[in-house]
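Some notes on the structure that comes next.
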Amino acid sequence: MSAAQTVATAKSFAARTSDGAVLQASVEGEGPALLLVSGLGGTAKFWSTSATTLARSCRVIRFDQRGIGASSRGSAPCTIDQLAQDCLTVLDAAGLQRAALLGHSTGGCIGQALARIAPQRLDGLILSATWLKPSRYMGGLFTSRRAVLLQNPQAYAALSALTAYPPAWIEANWATFEAAVAAAPMSEEARQVVAERIDALLSFDGSADIAALTMPTLVLGARDDMIVPCFLQEELAAALPGAGKTMFDTGGHFFPVSRPDAFTAHVAEWVGALG
């Protein structure tokens, strides 16, 4: 199936949560089910390039998380466990009993929580640029980002883009920076959604449950990641008995975007081997 054919067959659907959130989602491609869960930004759009490629060999499901993009907020508190429950709502709405989950950054925390809450729903777990428990570095970084967000959302968006990619890549792809600044969370409501998501990720600690995760697991990371440093990703991999691990030398935090070919090749090969 060509990339053009894959895009043409994408189907949109809505998943409704018990607290009133409506999560806008889509499914495309054929093959083993793969749920894509993005990070702090929470958008399905993060996966646009990756989803087109992965849909050649997988049935790819992606969605805007609560309060993000086309999805409404609902009334439930924003916690990592709640966001994991939202993933189950999306799988149910897609008519899927099981899927592999690919979570990037905060999406990897959501994946860990879902693996604890409903392990019977997961065929496998890919943890991309994510972490196991809070560190002083991440606490300092995200507390500072939160403060900037509330005072100057355009500066927040600019700093987020500048730290997410290798400097040479963002220099050569400056339209990505401009698009990020243009999409800054300018309204009070939008800033609150981002702030509560920062609070949720800073509260996550999966260390008490990680050893009980028995499904196949792959850790993906980049050695030049300045948002979730390499040492945190190495710590996560060490805590997962039998986990696979691939560390790219370059790519920054958003290596799924800056290194799409290498990223999707690793993901497709691993999901295909699940059987």
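Here, A, B, ... name the chains of the structure tokens in the order displayed, residue numbers run from 1 inside each chain, and ligands are numbered from 1 in the same displayed order.
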
* Using the chain letters and numbers from this document, which residues of stretch 50-185 of chain A does DSSP assign to strand (DSSP E or B), as a list in words? -> Arg59, Val60, Ile61, Arg62, Phe63, Ala99, Ala100, Leu101, Leu102, Gly103, His104, Leu122, Asp123, Gly124, Leu125, Ile126, Leu127 and Ser128 of chain A

Residues near A:Met186, anyone? I mean within 7 Å using only C-alpha atoms, not counting same-chain ones fewer than 4 positions away, as a tab-separated table (two decimals) with C-alpha atoms, in the first residue's frame.
chain	number	residue	atom	x	y	z
A	153	PRO	CA	3.22	31.71	26.01
A	190	ALA	CA	-5.15	26.69	26.63
A	191	ARG	CA	-2.39	27.70	29.06

* To do: Name the residues in contact with A:Ala268 at a cut-off of 8 Å, using only C-alpha atoms, excluding same-chain residues fewer than 6 positions from it; report them as a PyMOL selection string.
  => chain A and resi 54+57-58

* Point-to-point distance in Å for atom CA of A:Pro32 and atom CA of A:Ala115 ->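 Taking atom CA of A:Ala115 as the start and atom CA of A:Pro32 as the end point, the length is 17.9 Å.
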
* To do: Would you kindly return, as a PyMOL selection string, each protein, DNA or RNA residue with an atom no farther than 8 Å from any atom of stretch 258-260 of chain A, considering only C-alpha atoms and excluding same-chain residues fewer than 6 positions away?
  => chain A and resi 49-50+165+169+251-252

* helix (DSSP H, G or I) residues, from DSSP on the backbone, in stretch 27-154 of chain A, as a ChimeraX atom specification -> /A:45-54,80-93,106-117,119-121,136-151,153-154

* Find the residues around A:Gly41 up to 10 Å (only C-alpha atoms counted), leave out those fewer than 6 positions away in its own chain, and share them as a PyMOL selection string. => chain A and resi 64-65+68-69+105-107+193-194+197-198

If you keep N, CA, C and O atoms, can you produce a file of those selected residues as a short mmCIF file (atom, residue, chain, number, x, y, z; two decimals), in the first residue's frame?
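Printed below is again_6.cif as written:
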data_model
loop_
_atom_site.label_atom_id
_atom_site.label_comp_id
_atom_site.auth_asym_id
_atom_site.auth_seq_id
_atom_site.Cartn_x
_atom_site.Cartn_y
_atom_site.Cartn_z
N ASP A 64 -6.14 13.29 19.45
CA ASP A 64 -5.86 14.47 20.27
C ASP A 64 -6.29 14.16 21.70
O ASP A 64 -7.43 13.73 21.94
N GLN A 65 -5.41 14.37 22.65
CA GLN A 65 -5.73 14.10 24.04
C GLN A 65 -6.69 15.16 24.59
O GLN A 65 -6.90 16.21 23.99
N ILE A 68 -6.97 19.12 24.04
CA ILE A 68 -5.94 19.44 23.06
C ILE A 68 -6.55 19.36 21.66
O ILE A 68 -7.31 18.44 21.35
N GLY A 69 -6.19 20.30 20.79
CA GLY A 69 -6.62 20.22 19.40
C GLY A 69 -8.12 20.17 19.27
O GLY A 69 -8.84 21.02 19.78
N SER A 105 7.64 10.50 25.11
CA SER A 105 7.81 11.44 26.20
C SER A 105 6.72 11.22 27.26
O SER A 105 6.63 10.11 27.80
N THR A 106 5.88 12.20 27.54
CA THR A 106 4.78 11.99 28.48
C THR A 106 3.90 10.82 28.03
O THR A 106 3.34 10.09 28.86
N GLY A 107 3.80 10.61 26.73
CA GLY A 107 3.06 9.46 26.22
C GLY A 107 3.62 8.14 26.69
O GLY A 107 2.89 7.15 26.84
N VAL A 193 -4.56 24.13 30.35
CA VAL A 193 -4.45 22.73 29.92
C VAL A 193 -2.99 22.29 29.89
O VAL A 193 -2.65 21.20 30.37
N VAL A 194 -2.11 23.14 29.35
CA VAL A 194 -0.69 22.78 29.31
C VAL A 194 -0.11 22.73 30.72
O VAL A 194 0.64 21.81 31.06
N ARG A 197 -1.01 19.59 32.51
CA ARG A 197 -0.29 18.47 31.94
C ARG A 197 1.15 18.44 32.44
O ARG A 197 1.72 17.36 32.69
N ILE A 198 1.76 19.61 32.60
CA ILE A 198 3.09 19.66 33.21
C ILE A 198 3.04 19.15 34.64
O ILE A 198 3.90 18.36 35.07
#

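Look at A:Ala76: the protein and nucleic acid residues within 9 Å of it, using only C-alpha atoms and passing over chain neighbours fewer than 5 places away, are Ser18, Asp19, Gly20, Ala21 and Gln82 of chain A.
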
* To do: Might you pull out every residue within 9 Å of stretch 212-224 of chain A, with only C-alpha atoms counted and same-chain residues fewer than 5 positions away left off, and present them as a VMD selection string?
  => chain A and resid 112 115 to 116 119 122 to 130 166 229 to 231 233 to 234 236 to 237 240 to 255 263 266 to 267 270 274

* Can you work out which one of A:Ala55, A:Leu91, A:Ala100, A:Ala180 has the shortest atom-to-atom distance to A:Ala158, counting only C-alpha atoms? =>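 Once distances to A:Ala158 are computed over only C-alpha atoms, the minimum belongs to A:Ala180.
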
* Structure fact -> Restricting to only C-alpha atoms, whichever of A:Ala15, A:Ile170, A:Cys109, A:Leu35 is closest to A:Asp205 is A:Cys109

* Counting only C-alpha atoms, figure out which residue out of A:Ala94, A:Leu23, A:Arg146, A:Ile117 gets nearest to A:Asp209. =>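 The closest residue to A:Asp209 is A:Ile117.
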
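Coordinates place atom CA of A:Leu159 at a distance of 26.3 Å from atom CA of A:Ser72.
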
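With only C-alpha atoms as the basis for measurement, A:Ala157 is the residue among A:Ala14, A:Ala157, A:Val228, A:Leu102 that approaches A:Ala184 most closely.
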
* Asked: Which of these residues is nearest to A:Ala147, using only C-alpha atoms: A:Ala195, A:Lys133, A:Ala200, A:Ala164?
  ->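 That would be A:Ala195, the residue with the smallest distance to A:Ala147.
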
* Could you work out how far atom CA of A:Asp261 lies from atom CA of A:Ala182, giving the answer in Å with one decimal? ->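 It comes out at 26.8 Å.
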